[in-house]
Amino acid sequence: MSIEKYKPSSEEIAKAEGFLNDVERKKSEEREEAFLSLKPPRLNRKSGTIILDLDSRLIDIEQLRIRLESQMFEPKDEFHFTVVGTRNGKKLAGAIKSQPGLSKKVGELIRTSNWELGSTPQIYKVTKEYAIPDPKTGENRSESRQSVVQVLDLPGLDAFYRNLNAISSAEIEPQFPHITLFTMGDKMGIAINSREEFEKMSPEQL
């Protein structure tokens with residue numbers, strides 16, 4: 001698994017020069033430890049979903065927390081990127097079931113693919129309208145949900161999808177690379193399957 005090429009942050013440079021206080025030094029050490037412990041995505045062979053888990057120590061939400069909590073946003077307590085979601089996962093699960101040995105090939109592809117993470121955060125507030133059935137009347141009512149998401153830079157992602165489709169013939173559509181940081185209206189957040197869907201959600205860069 002390839003992760004991000006090592007580039008010392010300003011905190012790490014300051015640490016080396018002896019400028020960090022104890023709290024900052026501990027935070028920097030924890031972030032470095034979390035970075036080194038990153039693992040490849042996990043495959044659920046039954047559902048066909050593929051999830052890249054990210055250690056919460058790598059995600060810095062403190063600068064946004066006070067501002068967003070005052071707007072009734074709730075911070076997530078875990079962070080992940082859905083590489084293959086439920087809809088496409090059904091296709092992959094079906095292919096795994098029908099093709100002997102495919103599960104091993106997919107696992108090997110995940111292990112050897114480039115999961116390098118870009119280091120420049122791009123954070124947006126997005127909004128999506130949902131039609132929710134009223135439990136009393138059965139009629140749909142409109143519900144607005146908002147999330148704050150960080151768009152990920154994964155240089156090896158397109159190659160992964162090409163290779164996955166080549167070995168499975170499952171026609172997996174690339175997932176929009178993002179993680180949810182804060183939610184409002186529903187803790188599950190907002191599903192964003194493609195760049196087109198993202199653009200329709202009135203993204204506001206923060």
# chains A, B, ... in the order shown; residues from 1 in each chain; ligands from 1
>>> residues_around(residues="Glu143 in chain A", least_positions_apart="4", cutoff="8 Å", atoms="only C-alpha atoms", output="list in words")
Glu129, Tyr130, Ala131 and Ile132 of chain A
>>> closest_residue(among="A:Lys125, A:Arg57, A:Lys46, A:Lys91", to="Glu204 in chain A", atoms="only C-alpha atoms")
A:Lys125
>>> closest_residue(among="A:Thr112, A:Ser168, A:Gln175, A:Ser56", to="His80 in chain A", atoms="only C-alpha atoms")
A:Ser56
>>> residues_around(residues="Val151 in chain A", least_positions_apart="3", cutoff="8 Å", atoms="only C-alpha atoms", output="VMD selection string")
chain A and resid 121 to 124 177 to 179
>>> write_last_selection(atoms="N, CA and C atoms", output="PDB file, in the first residue's frame")
ATOM      1  N   PRO A 121      -6.457  20.193   2.170  1.00  0.00           N
ATOM      2  CA  PRO A 121      -7.881  19.978   2.446  1.00  0.00           C
ATOM      3  C   PRO A 121      -8.784  20.927   1.665  1.00  0.00           C
ATOM      4  N   GLN A 122      -9.858  20.393   1.118  1.00  0.00           N
ATOM      5  CA  GLN A 122     -10.893  21.190   0.478  1.00  0.00           C
ATOM      6  C   GLN A 122     -12.205  20.861   1.185  1.00  0.00           C
ATOM      7  N   ILE A 123     -12.722  21.820   1.928  1.00  0.00           N
ATOM      8  CA  ILE A 123     -13.876  21.562   2.786  1.00  0.00           C
ATOM      9  C   ILE A 123     -15.075  22.371   2.290  1.00  0.00           C
ATOM     10  N   TYR A 124     -16.233  21.693   2.199  1.00  0.00           N
ATOM     11  CA  TYR A 124     -17.441  22.316   1.663  1.00  0.00           C
ATOM     12  C   TYR A 124     -18.652  22.001   2.532  1.00  0.00           C
ATOM     13  N   PRO A 177     -14.835  11.088  -4.158  1.00  0.00           N
ATOM     14  CA  PRO A 177     -13.967  10.902  -2.988  1.00  0.00           C
ATOM     15  C   PRO A 177     -14.133  11.991  -1.929  1.00  0.00           C
ATOM     16  N   HIS A 178     -14.780  11.649  -0.848  1.00  0.00           N
ATOM     17  CA  HIS A 178     -14.988  12.623   0.229  1.00  0.00           C
ATOM     18  C   HIS A 178     -15.197  11.900   1.552  1.00  0.00           C
ATOM     19  N   ILE A 179     -15.013  12.640   2.628  1.00  0.00           N
ATOM     20  CA  ILE A 179     -15.379  12.154   3.960  1.00  0.00           C
ATOM     21  C   ILE A 179     -16.292  13.196   4.596  1.00  0.00           C
TER      22      ILE A 179
END
>>> closest_residue(among="A:Leu206, A:Ile51, A:Val149, A:Ala166", to="Ile192 in chain A", atoms="only C-alpha atoms")
A:Val149
>>> atom_distance(atom1="CA of Thr180 in chain A", atom2="CA of Asn140 in chain A")
26.3 Å
>>> residues_around(residues="Ala159 in chain A", least_positions_apart="6", cutoff="12 Å", atoms="only C-alpha atoms", output="CSV table (one decimal) with C-alpha atoms, in the first residue's frame")
chain,number,residue,atom,x,y,z
A,109,LEU,CA,-5.9,-5.3,-6.0
A,110,ILE,CA,-6.9,-3.4,-2.9
A,112,THR,CA,-1.4,-3.3,-4.0
A,113,SER,CA,-3.2,-0.2,-5.2
A,114,ASN,CA,-2.0,3.3,-4.5
A,115,TRP,CA,-4.0,4.9,-1.7
A,165,ASN,CA,-13.7,-3.3,-13.6
A,166,ALA,CA,-11.1,-5.1,-15.7
A,174,PRO,CA,-16.3,5.8,-9.5
>>> residues_around(residues="Arg65 in chain A", least_positions_apart="6", cutoff="10 Å", atoms="only C-alpha atoms", output="list in words")
Gln71, Phe73, Glu74, Pro75, Leu181 and Phe182 of chain A
>>> write_last_selection(atoms="C-alpha atoms", output="short mmCIF file (atom, residue, chain, number, x, y, z; two decimals), in the first residue's frame")
data_model
loop_
_atom_site.label_atom_id
_atom_site.label_comp_id
_atom_site.auth_asym_id
_atom_site.auth_seq_id
_atom_site.Cartn_x
_atom_site.Cartn_y
_atom_site.Cartn_z
CA GLN A 71 -25.14 26.40 13.64
CA PHE A 73 -24.02 20.86 13.12
CA GLU A 74 -22.85 17.71 14.88
CA PRO A 75 -19.29 16.40 14.43
CA LEU A 181 -16.94 15.85 8.96
CA PHE A 182 -20.20 17.33 10.33
#
>>> select_by_dssp(residues="range 87-163 of chain A", states="alpha helix (DSSP H)", output="PyMOL selection string")
chain A and resi 87-98+102-112+157-163
>>> write_last_selection(atoms="C-alpha atoms", output="CSV table (one decimal), in the first residue's frame")
chain,number,residue,atom,x,y,z
A,87,ARG,CA,-25.5,0.3,-5.0
A,88,ASN,CA,-22.3,-0.7,-6.8
A,89,GLY,CA,-21.5,-3.2,-4.0
A,90,LYS,CA,-24.4,-5.3,-5.1
A,91,LYS,CA,-22.8,-5.6,-8.6
A,92,LEU,CA,-19.4,-6.5,-7.1
A,93,ALA,CA,-20.9,-9.0,-4.6
A,94,GLY,CA,-22.7,-10.7,-7.5
A,95,ALA,CA,-19.5,-10.9,-9.5
A,96,ILE,CA,-17.6,-12.4,-6.5
A,97,LYS,CA,-20.3,-15.0,-6.0
A,98,SER,CA,-20.3,-16.1,-9.7
A,102,LEU,CA,-12.4,-13.1,-7.8
A,103,SER,CA,-12.6,-12.3,-4.1
A,104,LYS,CA,-8.9,-13.1,-3.8
A,105,LYS,CA,-8.1,-11.0,-6.9
A,106,VAL,CA,-10.0,-8.0,-5.5
A,107,GLY,CA,-8.3,-8.3,-2.2
A,108,GLU,CA,-4.9,-8.3,-3.9
A,109,LEU,CA,-5.9,-5.3,-6.0
A,110,ILE,CA,-6.9,-3.4,-2.9
A,111,ARG,CA,-3.6,-4.3,-1.1
A,112,THR,CA,-1.4,-3.3,-4.0
A,157,LEU,CA,-8.3,6.2,-7.4
A,158,ASP,CA,-9.1,6.2,-11.1
A,159,ALA,CA,-6.6,3.5,-11.8
A,160,PHE,CA,-8.1,1.4,-9.0
A,161,TYR,CA,-11.6,1.6,-10.5
A,162,ARG,CA,-10.2,0.7,-14.0
A,163,ASN,CA,-8.4,-2.3,-12.6
>>> atom_distance(atom1="CA of Leu154 in chain A", atom2="CA of Leu58 in chain A")
15.2 Å
>>> closest_residue(among="A:Thr86, A:Gln150, A:Gln99, A:Ser142", to="Val126 in chain A", atoms="only C-alpha atoms")
A:Gln150
>>> closest_residue(among="A:Gly118, A:Gly101, A:Gly138, A:Gly48", to="Val84 in chain A", atoms="only C-alpha atoms")
A:Gly48
>>> select_by_dssp(residues="chain A", states="strand (DSSP E)", output="ChimeraX atom specification")
/A:42-43,50-54,74-75,79-84,122-133,140-151,178-184,204-205
>>> atom_distance(atom1="CA of Ser144 in chain A", atom2="CA of Glu173 in chain A")
26.4 Å
>>> closest_residue(among="A:Lys128, A:Arg141, A:Arg67, A:Lys76", to="Lys187 in chain A", atoms="only C-alpha atoms")
A:Lys76
